[in-house]
>>> print(open('my_file-v4.txt').read())   # compact mmCIF, C-alpha atoms (C1' of nucleotides)
# COMPACT_ATOMS: atom_id res chain seq x y z
CA MET A 1301 57.45 -14.62 60.63
CA ASP A 1302 54.89 -13.09 62.96
CA PRO A 1303 51.75 -15.25 62.81
CA THR A 1304 49.59 -12.34 63.99
CA ALA A 1305 50.64 -10.04 61.16
CA PRO A 1306 47.65 -8.81 59.14
CA GLY A 1307 48.97 -10.28 55.93
CA ASP A 1308 49.07 -13.73 57.43
CA GLU A 1309 45.55 -13.40 58.77
CA VAL A 1310 44.31 -12.81 55.24
CA THR A 1311 46.31 -15.76 53.96
CA ARG A 1312 44.90 -18.08 56.60
CA LEU A 1313 41.34 -16.95 55.94
CA LEU A 1314 41.63 -17.37 52.18
CA ALA A 1315 42.92 -20.90 52.64
CA LEU A 1316 39.38 -21.88 53.69
CA PRO A 1317 36.59 -22.75 51.24
CA ALA A 1318 34.65 -19.78 49.83
CA LEU A 1319 31.49 -20.75 51.71
CA GLU A 1320 33.25 -20.09 55.00
CA VAL A 1321 35.16 -17.05 53.84
CA GLY A 1322 32.18 -15.22 52.28
CA PRO A 1323 30.44 -13.93 55.40
CA ARG A 1324 33.76 -13.03 56.97
CA LEU A 1325 34.92 -11.01 54.00
CA LEU A 1326 32.08 -8.49 54.17
CA GLY A 1327 33.26 -5.14 55.50
CA SER A 1328 36.77 -5.72 54.21
CA VAL A 1329 38.46 -3.03 52.17
CA PHE A 1330 39.60 -4.17 48.72
CA ARG A 1331 42.05 -1.72 47.22
CA VAL A 1332 43.12 -1.53 43.59
CA GLY A 1333 45.60 1.30 43.18
CA GLU A 1334 44.05 4.61 44.17
CA VAL A 1335 40.47 3.36 44.54
CA ALA A 1336 39.28 1.27 47.48
CA VAL A 1337 35.89 -0.30 48.19
CA ARG A 1338 34.40 -1.65 51.38
CA LEU A 1339 32.76 -4.91 50.36
CA THR A 1340 29.02 -5.09 51.00
CA GLU A 1341 28.05 -8.03 48.76
CA VAL A 1342 29.85 -11.21 47.73
CA GLU A 1343 28.79 -14.52 46.24
CA ALA A 1344 30.45 -17.86 46.92
CA TYR A 1345 31.10 -20.35 44.13
CA HIS A 1346 32.19 -23.84 45.00
CA GLY A 1347 34.07 -25.99 42.53
CA GLN A 1348 34.74 -29.69 42.28
CA GLY A 1349 31.32 -30.71 41.04
CA GLN A 1350 29.62 -29.34 44.17
CA ASP A 1351 28.20 -26.22 42.56
CA PRO A 1352 26.35 -26.32 39.22
CA GLY A 1353 26.50 -22.51 39.13
CA SER A 1354 30.28 -22.26 39.17
CA HIS A 1355 32.45 -21.62 36.15
CA ALA A 1356 34.66 -24.38 37.53
CA HIS A 1357 31.86 -26.92 37.81
CA ARG A 1358 32.80 -28.80 34.68
CA GLY A 1359 36.50 -28.79 35.38
CA GLN A 1360 39.41 -26.64 34.37
CA THR A 1361 39.41 -24.68 31.11
CA PRO A 1362 41.62 -21.86 29.82
CA ARG A 1363 39.17 -19.27 31.11
CA ASN A 1364 38.73 -20.52 34.66
CA ALA A 1365 42.31 -21.71 35.23
CA SER A 1366 42.90 -19.01 37.87
CA MET A 1367 40.13 -20.49 40.02
CA PHE A 1368 42.26 -23.59 40.43
CA ARG A 1369 45.16 -21.65 41.90
CA GLU A 1370 45.61 -21.12 45.63
CA GLY A 1371 43.56 -18.77 47.80
CA GLY A 1372 44.39 -15.10 47.30
CA THR A 1373 44.57 -15.34 43.53
CA LEU A 1374 42.22 -13.12 41.50
CA TYR A 1375 39.97 -14.64 38.86
CA VAL A 1376 38.79 -12.04 36.34
CA TYR A 1377 36.40 -12.90 33.54
CA LEU A 1378 34.43 -11.08 30.86
CA SER A 1379 30.70 -11.15 31.53
CA TYR A 1380 28.20 -10.85 28.69
CA GLY A 1381 30.99 -9.72 26.43
CA ILE A 1382 31.15 -6.39 28.23
CA HIS A 1383 31.79 -6.37 31.96
CA ARG A 1384 34.87 -7.39 33.85
CA CYS A 1385 34.04 -9.21 37.06
CA VAL A 1386 36.46 -10.11 39.85
CA ASN A 1387 36.63 -13.10 42.16
CA ILE A 1388 38.91 -13.77 45.08
CA VAL A 1389 39.91 -17.42 44.89
CA CYS A 1390 39.62 -19.37 48.16
CA GLY A 1391 40.97 -22.68 49.39
CA PRO A 1392 44.06 -24.67 48.52
CA GLU A 1393 45.39 -25.07 45.00
CA GLY A 1394 43.12 -27.24 42.89
CA TYR A 1395 40.05 -26.63 45.06
CA ALA A 1396 38.50 -24.08 42.68
CA SER A 1397 36.21 -22.11 44.96
CA GLY A 1398 35.92 -18.36 44.86
CA LEU A 1399 34.04 -15.25 45.89
CA LEU A 1400 32.57 -12.98 43.25
CA LEU A 1401 32.90 -9.40 44.48
CA ARG A 1402 29.42 -8.15 43.67
CA ALA A 1403 29.28 -4.73 45.29
CA GLY A 1404 30.93 -2.29 47.65
CA GLU A 1405 31.05 1.23 48.97
CA VAL A 1406 33.83 3.35 47.53
CA VAL A 1407 35.80 4.54 50.55
CA ASP A 1408 38.81 6.06 48.80
CA GLY A 1409 39.46 7.54 45.38
CA VAL A 1410 35.83 8.59 44.96
CA GLU A 1411 36.64 11.22 42.34
CA VAL A 1412 38.54 8.73 40.22
CA ALA A 1413 35.74 6.20 40.55
CA ARG A 1414 33.20 8.82 39.47
CA SER A 1415 35.19 9.57 36.35
CA ARG A 1416 35.25 5.88 35.46
CA ARG A 1417 31.55 5.46 36.18
CA ALA A 1418 30.03 8.57 34.64
CA THR A 1419 26.53 7.07 34.47
CA ALA A 1420 26.29 6.62 38.25
CA LYS A 1421 23.74 9.02 39.69
CA ARG A 1422 24.76 8.55 43.30
CA ASP A 1423 27.97 7.42 44.92
CA SER A 1424 26.28 4.29 46.24
CA GLU A 1425 25.93 3.17 42.60
CA LEU A 1426 29.63 3.46 41.79
CA ALA A 1427 30.28 -0.20 42.63
CA LYS A 1428 26.72 -1.54 42.91
CA GLY A 1429 26.95 -4.77 40.92
CA PRO A 1430 29.92 -6.87 39.79
CA GLY A 1431 30.37 -5.16 36.42
CA ARG A 1432 30.21 -1.73 37.99
CA LEU A 1433 32.65 -2.73 40.71
CA GLY A 1434 35.09 -3.97 38.09
CA SER A 1435 34.70 -0.74 36.18
CA ALA A 1436 35.10 1.52 39.22
CA LEU A 1437 38.30 -0.31 40.15
CA ASP A 1438 39.56 -0.38 36.56
CA ILE A 1439 39.94 -4.15 36.53
CA GLY A 1440 41.00 -5.66 33.21
CA LEU A 1441 41.30 -9.16 31.85
CA GLY A 1442 45.04 -8.70 32.15
CA ASP A 1443 44.58 -8.74 35.92
CA ASP A 1444 43.38 -12.34 35.81
CA GLY A 1445 45.73 -14.50 37.86
CA SER A 1446 47.10 -11.60 39.93
CA ARG A 1447 47.62 -12.07 43.66
CA LEU A 1448 46.26 -10.09 46.57
CA GLY A 1449 49.04 -8.25 48.33
CA GLN A 1450 50.99 -7.78 45.13
CA GLY A 1451 50.94 -4.95 42.60
CA ARG A 1452 47.89 -2.72 42.88
CA PHE A 1453 45.86 -5.24 44.88
CA SER A 1454 45.39 -5.43 48.63
CA LEU A 1455 42.79 -6.59 51.11
CA GLU A 1456 42.25 -5.44 54.67
CA LEU A 1457 39.91 -7.35 56.93
CA PRO A 1458 37.37 -5.44 59.04
CA GLY A 1459 38.55 -4.32 62.43
CA GLY A 1460 35.34 -4.68 64.40
CA ASP A 1461 31.67 -5.50 64.10
CA VAL A 1462 30.26 -5.14 60.58
CA GLY A 1463 26.57 -5.51 61.47
CA ASP A 1464 24.14 -8.12 60.22
CA VAL A 1465 25.09 -10.47 57.40
CA VAL A 1466 22.24 -11.73 55.23
CA ALA A 1467 22.48 -14.96 53.19
CA GLY A 1468 20.26 -15.70 50.20
CA PRO A 1469 20.12 -17.10 46.66
CA ARG A 1470 22.64 -15.88 44.12
CA VAL A 1471 21.90 -13.29 41.43
CA GLY A 1472 21.40 -14.19 37.78
CA VAL A 1473 22.35 -17.84 38.28
CA SER A 1474 20.22 -20.26 36.29
CA GLY A 1475 18.66 -23.48 37.45
CA ARG A 1476 18.77 -25.07 40.84
CA ALA A 1477 22.05 -23.32 41.57
CA GLY A 1478 20.24 -19.98 41.66
CA THR A 1479 17.64 -21.01 44.24
CA ASP A 1480 17.77 -20.84 48.01
CA GLU A 1481 18.95 -24.40 47.91
CA PHE A 1482 22.29 -22.63 47.43
CA PRO A 1483 22.04 -19.55 49.73
CA TRP A 1484 25.55 -18.42 48.93
CA ARG A 1485 25.09 -14.71 48.34
CA PHE A 1486 26.13 -12.71 51.37
CA THR A 1487 25.24 -9.06 51.93
CA LEU A 1488 25.54 -6.49 54.70
CA ALA A 1489 22.06 -5.50 55.89
CA GLY A 1490 20.92 -1.96 55.16
CA GLU A 1491 23.72 -1.00 52.77
CA PRO A 1492 22.62 1.13 49.79
CA SER A 1493 25.43 -0.21 47.59
CA VAL A 1494 24.03 -3.76 47.64
CA SER A 1495 22.65 -4.70 44.21
CA SER A 1496 19.05 -5.75 43.58
CA TRP A 1497 18.25 -9.42 43.25
CA ARG A 1498 17.33 -10.60 39.77
CA PRO A 1499 16.64 -14.06 38.34
CA ALA A 1500 18.72 -15.60 35.56
CA VAL A 1501 18.21 -14.13 32.10
CA ARG A 1502 16.18 -16.24 29.77
CA ARG A 1503 15.99 -14.78 26.29
CA ARG A 1504 14.68 -17.49 24.03
CA GLY A 1505 11.35 -17.66 25.75
CA GLY A 1506 11.87 -20.59 28.05
CA ALA A 1507 13.09 -24.09 27.37
CA ALA A 1508 16.75 -24.99 27.09
CA GLU A 1509 16.96 -26.31 30.61
CA ARG A 1510 19.64 -28.87 30.77
CA TRP A 1511 19.84 -29.50 34.49
C1' DT B 1306 32.30 -25.63 12.95
C1' DA B 1307 28.43 -23.42 14.48
C1' DG B 1308 25.34 -21.61 17.76
C1' DA B 1309 23.41 -20.73 22.04
C1' DA B 1310 23.87 -19.05 26.67
C1' DG B 1311 25.97 -16.38 30.00
C1' DA B 1312 27.95 -15.03 37.85
C1' DT B 1313 25.36 -7.75 33.50
C1' DA B 1314 24.14 -2.85 32.76
C1' DG B 1315 21.91 0.86 30.71
C1' DG B 1316 18.45 2.95 28.17
C1' DA B 1317 13.54 3.33 26.02
C1' DC C 492 11.01 -4.45 28.04
C1' DC C 493 15.02 -4.59 24.86
C1' DT C 494 19.64 -4.63 23.37
C1' DA C 495 24.87 -4.22 23.33
C1' DT C 496 28.68 -7.37 22.85
C1' DC C 497 31.90 -11.42 22.65
C1' DT C 498 33.95 -15.42 24.76
C1' DT C 499 33.45 -20.06 26.07
C1' DC C 500 31.68 -24.42 25.86
C1' DT C 501 28.98 -28.15 23.81
C1' DA C 502 26.80 -30.48 20.45
C1' DG C 503 26.68 -32.26 15.90
>>> encode(input="my_file-v4.txt", output="structure tokens")
Amino acid sequence: MDPTAPGDEVTRLLALPALEVGPRLLGSVFRVGEVAVRLTEVEAYHGQGQDPGSHAHRGQTPRNASMFREGGTLYVYLSYGIHRCVNIVCGPEGYASGLLLRAGEVVDGVEVARSRRATAKRDSELAKGPGRLGSALDIGLGDDGSRLGQGRFSLELPGGDVGDVVAGPRVGVSGRAGTDEFPWRFTLAGEPSVSSWRPAVRRRGGAAERW
DNA sequence: TAGAAGATAGGA
DNA sequence: CCTATCTTCTAG
């Protein structure tokens, strides 16, 4: 097997922990069937008790089982009962780190993406945010556990320079894990498709802090 | 067994 | 600012 083949390069990269993969994944093209996005924003989640913000922090459950598979697996979950969000799992089996695909620029299949995202006023909003990205790419819970490079899913790493990468606190993550103590959100500078930062939701007025 | 909180988005 | 919407996890 040719070790310089593109497919192997992706495999080698995704064998690393999400913290290392995150910045290097920006500018990649993630394709799901006829629609493709160029990733402009990702967030790293680290498992194994090292990241209080991760779904895998408290160990394996039926929902997060895909995160414990090997790098290149997709972890899809339902967010707020409505949105389907996608992660690319990183690291060896059992490591449970992943990258939430938070935003991208639609670079192919724009018409299809528009039809799926009728409320988007501009094309830069088609995949601006993890729920929107999942919608534009027609990701479903049935895609949980799929593998990159199989079926409708593929990933192509950027060919050249992607510009400046910015690291900062993650979006909507509660507690310490959402502060710049964990600067694990990576964005491409100056991209209109990058979502706005927002603190964790807190409906019941305050309290309930268990960290 | 119940109940709150959640890696969000859209509309008033 | 408020609400839709529903699964998962944790406490009791």
>>> interface_residues(input="my_file-v4.txt", of="chain A", to="chain B", cutoff="9 Å", atoms="only C-alpha atoms (C1' of nucleotides)", output="list in words")
Glu1343, Tyr1345, Gly1353, Ser1354, His1355, Ser1379, Tyr1380, Ile1382, His1383, Cys1385, Leu1400, Thr1419, Gly1429, Pro1430, Gly1431, Arg1432, Arg1470, Val1471, Gly1472, Val1473, Val1501, Arg1502 and Arg1503 of chain A
>>> interface_residues(input="my_file-v4.txt", of="chain C", to="chain A", cutoff="10 Å", atoms="all atoms listed in the file", output="list in words")
DA495, DT496, DC497, DT498, DT499 and DC500 of chain C
>>> closest_residue(input="my_file-v4.txt", among="A:Ala1336, A:Trp1484, A:Lys1428, A:Pro1458", to="Glu1320 (chain A)", atoms="all atoms listed in the file")
A:Trp1484
>>> atom_distance(input="my_file-v4.txt", atom1="CA of Gly1333 (chain A)", atom2="CA of Ala1403 (chain A)")
17.5 Å
>>> atom_distance(input="my_file-v4.txt", atom1="CA of Gly1398 (chain A)", atom2="CA of Arg1414 (chain A)")
27.8 Å
>>> atom_distance(input="my_file-v4.txt", atom1="CA of Gly1440 (chain A)", atom2="CA of Val1376 (chain A)")
7.4 Å
>>> residues_around(input="my_file-v4.txt", residues="Leu1401 (chain A)", least_positions_apart="5", cutoff="8 Å", atoms="only C-alpha atoms (C1' of nucleotides)", output="list in words")
Leu1339, Glu1341, Val1342, Glu1343, Cys1385, Val1386, Asn1387, Ile1388, Pro1430 and Leu1433 of chain A
>>> residues_near_point(input="my_file-v4.txt", point="(45.0, -22.7, 45.1)", cutoff="10 Å", atoms="only C-alpha atoms (C1' of nucleotides)", output="list in words")
Leu1314, Ala1315, Ser1366, Met1367, Phe1368, Arg1369, Glu1370, Gly1371, Gly1372, Thr1373, Val1389, Cys1390, Gly1391, Pro1392, Glu1393, Gly1394, Tyr1395, Ala1396 and Ser1397 of chain A
